[in-house]
$ cat data_24.txt   # compact mmCIF, C-alpha atoms
# COMPACT_ATOMS: atom_id res chain seq x y z
CA GLU A 1 -1.59 -18.15 -1.79
CA SER A 2 -4.30 -20.47 -0.54
CA ALA A 3 -3.62 -24.14 0.23
CA LEU A 4 -6.14 -26.93 -0.35
CA ALA A 5 -6.00 -30.05 1.79
CA GLN A 6 -8.08 -33.18 2.22
CA ARG A 7 -8.08 -36.12 4.60
CA PRO A 8 -6.92 -39.44 3.16
CA PRO A 9 -9.45 -42.20 3.93
CA ASP A 10 -7.01 -44.26 6.04
CA SER A 11 -5.13 -41.51 7.86
CA ARG A 12 -7.23 -41.20 11.03
CA GLY A 13 -7.76 -37.48 10.64
CA ALA A 14 -4.44 -36.39 9.12
CA LEU A 15 -4.47 -33.73 6.40
CA VAL A 16 -2.24 -33.74 3.34
CA SER A 17 -1.75 -30.91 0.86
CA VAL A 18 -3.28 -31.68 -2.53
CA ASP A 19 -3.05 -28.34 -4.35
CA SER A 20 -2.35 -24.64 -3.96
CA ILE A 21 -3.93 -21.56 -5.51
CA ALA A 22 -2.22 -18.27 -6.35
CA ILE A 23 -4.64 -15.44 -5.56
CA GLU A 24 -4.54 -12.79 -8.29
CA SER A 25 -3.37 -9.36 -7.14
CA SER A 26 -2.24 -6.38 -9.20
CA GLU A 27 -1.28 -2.73 -8.78
CA ARG A 28 -4.76 -1.72 -9.94
CA THR A 29 -6.60 -4.20 -7.70
CA PRO A 30 -4.16 -5.16 -4.93
CA LEU A 31 -4.89 -7.70 -2.23
CA VAL A 32 -3.25 -6.05 0.78
CA ARG A 33 -4.51 -7.53 4.04
CA MET A 34 -6.68 -10.61 3.80
CA SER A 35 -9.03 -10.70 6.78
CA GLY A 36 -10.88 -13.90 6.02
CA PHE A 37 -12.15 -15.96 3.11
CA ALA A 38 -14.99 -18.33 2.28
CA VAL A 39 -15.81 -20.76 -0.52
CA LEU A 40 -19.07 -20.60 -2.46
CA GLY A 41 -20.89 -23.82 -3.34
CA GLY A 42 -19.39 -24.01 -6.82
CA GLY A 43 -15.86 -23.35 -5.62
CA ALA A 44 -15.49 -19.58 -6.15
CA LEU A 45 -13.52 -17.79 -3.41
CA VAL A 46 -14.74 -14.75 -1.47
CA ILE A 47 -11.95 -12.77 0.22
CA ALA A 48 -12.27 -9.84 2.61
CA ASP A 49 -9.50 -7.21 2.45
CA PHE A 50 -9.25 -5.21 5.68
CA SER A 51 -6.85 -2.58 4.32
CA GLU A 52 -8.57 -2.00 0.98
CA SER A 53 -12.04 -2.05 2.60
CA ASN A 54 -13.55 -4.33 0.00
CA LEU A 55 -14.71 -7.83 -0.81
CA ARG A 56 -13.12 -9.79 -3.67
CA LEU A 57 -14.62 -12.60 -5.74
CA HIS A 58 -12.15 -15.04 -7.33
CA ASP A 59 -12.73 -18.17 -9.36
CA ARG A 60 -11.60 -21.53 -8.00
CA ARG A 61 -8.12 -21.08 -9.54
CA GLY A 62 -7.63 -17.65 -7.94
CA LYS A 63 -8.40 -15.36 -10.89
CA LEU A 64 -10.07 -12.11 -9.84
CA ILE A 65 -13.67 -11.83 -11.06
CA GLN A 66 -15.11 -8.89 -9.11
CA VAL A 67 -14.20 -6.32 -6.47
CA VAL A 68 -17.17 -5.35 -4.30
CA GLY A 69 -17.38 -2.21 -2.19
CA ARG A 70 -14.97 0.55 -1.23
CA LYS A 71 -14.06 2.54 1.86
CA GLY A 72 -17.13 4.27 3.26
CA ALA A 73 -20.26 3.81 5.35
CA GLY A 74 -22.94 3.63 2.68
CA PRO A 75 -24.75 0.50 1.45
CA GLY A 76 -22.24 -2.00 0.08
CA GLU A 77 -19.27 -0.03 1.47
CA PHE A 78 -16.87 -1.09 4.22
CA ARG A 79 -14.49 0.30 6.79
CA ALA A 80 -13.05 -2.98 8.11
CA PRO A 81 -14.61 -6.12 6.54
CA VAL A 82 -13.72 -9.49 8.08
CA LEU A 83 -14.67 -13.17 8.11
CA PRO A 84 -17.03 -13.70 5.15
CA ARG A 85 -19.37 -16.64 5.70
CA VAL A 86 -21.50 -18.53 3.13
CA ASP A 87 -24.97 -19.85 3.97
CA ALA A 88 -26.98 -22.73 2.48
CA ASN A 89 -28.43 -20.39 -0.17
CA ASN A 90 -24.93 -19.38 -1.36
CA ARG A 91 -25.30 -15.90 0.12
CA VAL A 92 -22.25 -14.22 1.63
CA HIS A 93 -22.42 -12.63 5.11
CA VAL A 94 -19.59 -10.22 5.97
CA ALA A 95 -18.99 -8.57 9.33
CA ASP A 96 -17.57 -5.03 9.50
CA VAL A 97 -15.72 -4.54 12.79
CA ALA A 98 -15.56 -0.76 12.40
CA LEU A 99 -19.15 -0.09 11.34
CA LEU A 100 -20.53 -2.88 13.59
CA ARG A 101 -22.79 -4.29 10.94
CA ILE A 102 -23.28 -7.32 8.69
CA SER A 103 -23.62 -6.99 4.92
CA ILE A 104 -25.35 -9.80 3.01
CA PHE A 105 -24.63 -10.41 -0.68
CA GLU A 106 -26.43 -12.63 -3.18
CA SER A 107 -24.36 -14.67 -5.64
CA ASN A 108 -25.68 -15.51 -9.10
CA LYS A 109 -25.85 -19.08 -10.40
CA SER A 110 -22.52 -18.85 -12.19
CA GLU A 111 -20.86 -17.40 -9.04
CA SER A 112 -19.50 -14.60 -11.21
CA ARG A 113 -21.11 -11.69 -9.37
CA LEU A 114 -22.07 -10.61 -5.85
CA THR A 115 -24.94 -8.18 -5.30
CA LEU A 116 -25.83 -6.49 -2.01
CA ALA A 117 -29.09 -7.85 -0.58
CA LYS A 118 -29.31 -6.08 2.78
CA THR A 119 -27.37 -4.67 5.71
CA ILE A 120 -27.91 -5.49 9.40
CA SER A 121 -26.77 -3.02 12.06
CA LEU A 122 -25.32 -4.45 15.28
CA ASN A 123 -25.24 -1.11 17.11
CA GLY A 124 -26.35 -1.74 20.67
CA ALA A 125 -25.86 -5.50 20.44
CA VAL A 126 -22.06 -5.51 20.56
CA ARG A 127 -19.36 -2.86 20.64
CA ALA A 128 -16.46 -4.97 19.37
CA ILE A 129 -16.30 -7.97 17.01
CA PHE A 130 -13.40 -10.44 17.03
CA GLY A 131 -15.07 -13.61 15.71
CA PHE A 132 -18.09 -14.26 13.53
CA GLU A 133 -20.07 -17.34 12.46
CA ARG A 134 -23.49 -17.89 10.92
CA LEU A 135 -25.75 -20.71 12.13
CA ALA A 136 -28.01 -22.84 9.93
CA ASN A 137 -31.19 -21.33 11.41
CA GLY A 138 -30.14 -17.78 10.42
CA ASP A 139 -28.72 -16.70 13.78
CA TYR A 140 -25.19 -15.36 14.20
CA LEU A 141 -22.51 -16.18 16.75
CA VAL A 142 -20.30 -13.19 17.53
CA ALA A 143 -17.22 -13.35 19.72
CA GLY A 144 -16.57 -9.88 21.05
CA VAL A 145 -17.55 -7.34 23.64
CA GLY A 146 -21.17 -6.49 24.45
CA GLY A 147 -22.70 -3.30 25.73
CA THR A 148 -21.90 -4.21 29.34
CA GLY A 149 -18.45 -5.60 28.52
CA LYS A 150 -19.08 -8.74 30.62
CA HIS A 151 -19.46 -11.53 28.08
CA ALA A 152 -17.33 -12.99 25.29
CA LEU A 153 -19.90 -14.76 23.09
CA PHE A 154 -23.25 -13.56 21.77
CA ARG A 155 -26.00 -15.22 19.80
CA LEU A 156 -27.80 -12.71 17.59
CA ASP A 157 -30.96 -13.23 15.57
CA SER A 158 -31.25 -12.42 11.86
CA THR A 159 -32.03 -8.76 12.67
CA GLY A 160 -28.87 -8.30 14.79
CA SER A 161 -30.60 -8.36 18.19
CA VAL A 162 -29.06 -10.34 21.07
CA ARG A 163 -30.80 -13.63 21.87
CA SER A 164 -28.28 -14.84 24.47
CA ALA A 165 -24.93 -13.89 25.98
CA TYR A 166 -22.42 -16.49 27.17
CA LEU A 167 -19.06 -16.85 28.91
CA GLU A 168 -18.91 -14.01 31.37
CA VAL A 169 -15.38 -12.61 31.53
CA LEU A 170 -14.33 -11.00 34.80
CA GLY A 171 -11.99 -8.53 33.16
CA TYR A 172 -10.63 -7.72 29.72
CA ARG A 173 -7.67 -5.81 31.21
CA ARG A 174 -5.24 -6.61 34.00
CA GLN A 175 -3.43 -4.28 36.37
CA ALA A 176 -0.01 -3.05 35.24
CA PRO A 177 2.89 -5.00 36.84
CA SER A 178 4.50 -1.86 38.30
CA ALA A 179 3.87 1.81 38.97
CA GLU A 180 6.42 2.70 36.29
CA THR A 181 4.41 1.05 33.54
CA GLU A 182 1.01 2.27 34.73
CA GLY A 183 -0.65 4.08 31.86
CA LEU A 184 1.61 2.39 29.29
CA TRP A 185 1.15 -1.33 29.88
CA GLN A 186 -2.10 -3.12 29.24
CA ALA A 187 -3.39 -6.63 28.66
CA ILE A 188 -6.13 -7.13 26.09
CA THR A 189 -8.27 -10.29 26.04
CA VAL A 190 -9.58 -11.21 22.60
CA PRO A 191 -12.21 -13.95 22.07
CA SER A 192 -12.67 -15.96 18.87
CA VAL A 193 -15.27 -18.54 17.85
CA ALA A 194 -15.68 -21.42 15.40
CA THR A 195 -18.52 -23.90 14.93
CA ASP A 196 -18.91 -27.35 13.39
CA GLY A 197 -22.65 -26.85 12.96
CA ARG A 198 -23.59 -28.34 16.33
CA ASN A 199 -20.99 -27.06 18.80
CA ALA A 200 -19.29 -23.73 19.30
CA PHE A 201 -15.59 -23.59 20.16
CA VAL A 202 -14.36 -20.43 21.85
CA THR A 203 -10.85 -19.25 22.72
CA LEU A 204 -9.82 -16.33 24.91
CA SER A 205 -6.32 -15.00 24.19
CA THR A 206 -4.66 -12.35 26.35
CA PHE A 207 -1.97 -10.12 24.85
CA ASP A 208 0.34 -8.01 27.00
CA THR A 209 1.39 -4.80 25.30
CA LEU A 210 3.15 -1.52 25.93

$ encode --input "data_24.txt" --output "structure tokens"
Amino acid sequence: ESALAQRPPDSRGALVSVDSIAIESSERTPLVRMSGFAVLGGGALVIADFSESNLRLHDRRGKLIQVVGRKGAGPGEFRAPVLPRVDANNRVHVADVALLRISIFESNKSESRLTLAKTISLNGAVRAIFGFERLANGDYLVAGVGGTGKHALFRLDSTGSVRSAYLEVLGYRRQAPSAETEGLWQAITVPSVATDGRNAFVTLSTFDTL
């Protein structure tokens, strides 16, 4: 279920719920693990499903219109699609964290169909993707791990090449707290990114795990 909220004009930034949408899912076309969604200009919803390795197009009330892609590595296929983003031309950009690439889909005027336009490989630019945003000039911001493993944020051009790397991280893993847990315990630092169109906001979260 997706919630819609808006800011009342006199609330000084507060959000109130104004509606909710039930996202259609069935045994034949299940929605299993949503890994991000975006809204097209006319209100249609684009949802990435990490487990089903596909992209779903729903109308503004949640009814399923189209399922795009399947598990695989060919054009229009996915292994682990996440974080769809919509640009000013109503095209959808989807990152695949397993294949390390971006797939770009055109939407028709009625927003009833997505068609693959092209695929951009990120091999060599980054080796892990945790966050993904598209900038107005066509560049991408990717929060992740680069080839050297030193930085947390990367600005890529429209071909997937690195323009700049930011926020050098001294270590993505910490030493185990004791000899007994050495080899079992690890700490993983995961970056994420969001943008308001002018500024980028980055978080670094560290998870301790056995």

$ residues_around --input "data_24.txt" --residues "Asn137 (chain A)" --least-positions-apart "4" --cutoff "10 Å" --atoms "all atoms listed in the file" --output "count of residues only"
4

$ atom_distance --input "data_24.txt" --atom1 "CA of Gly74 (chain A)" --atom2 "CA of Leu114 (chain A)"
16.6 Å

$ closest_residue --input "data_24.txt" --among "A:Arg33, A:Arg61, A:Arg127, A:Lys118" --to "Val145 (chain A)" --atoms "all atoms listed in the file"
A:Arg127

$ closest_residue --input "data_24.txt" --among "A:Leu57, A:Leu31, A:Ala22, A:Leu167" --to "Ser107 (chain A)" --atoms "only C-alpha atoms"
A:Leu57

$ atom_distance --input "data_24.txt" --atom1 "CA of Leu135 (chain A)" --atom2 "CA of Thr195 (chain A)"
8.4 Å

$ closest_residue --input "data_24.txt" --among "A:Gly76, A:Pro81, A:Gly144, A:Pro30" --to "Thr115 (chain A)" --atoms "all atoms listed in the file"
A:Gly76

$ closest_residue --input "data_24.txt" --among "A:Asn90, A:Ser26, A:Ser17, A:Gly69" --to "Gly42 (chain A)" --atoms "all atoms listed in the file"
A:Asn90
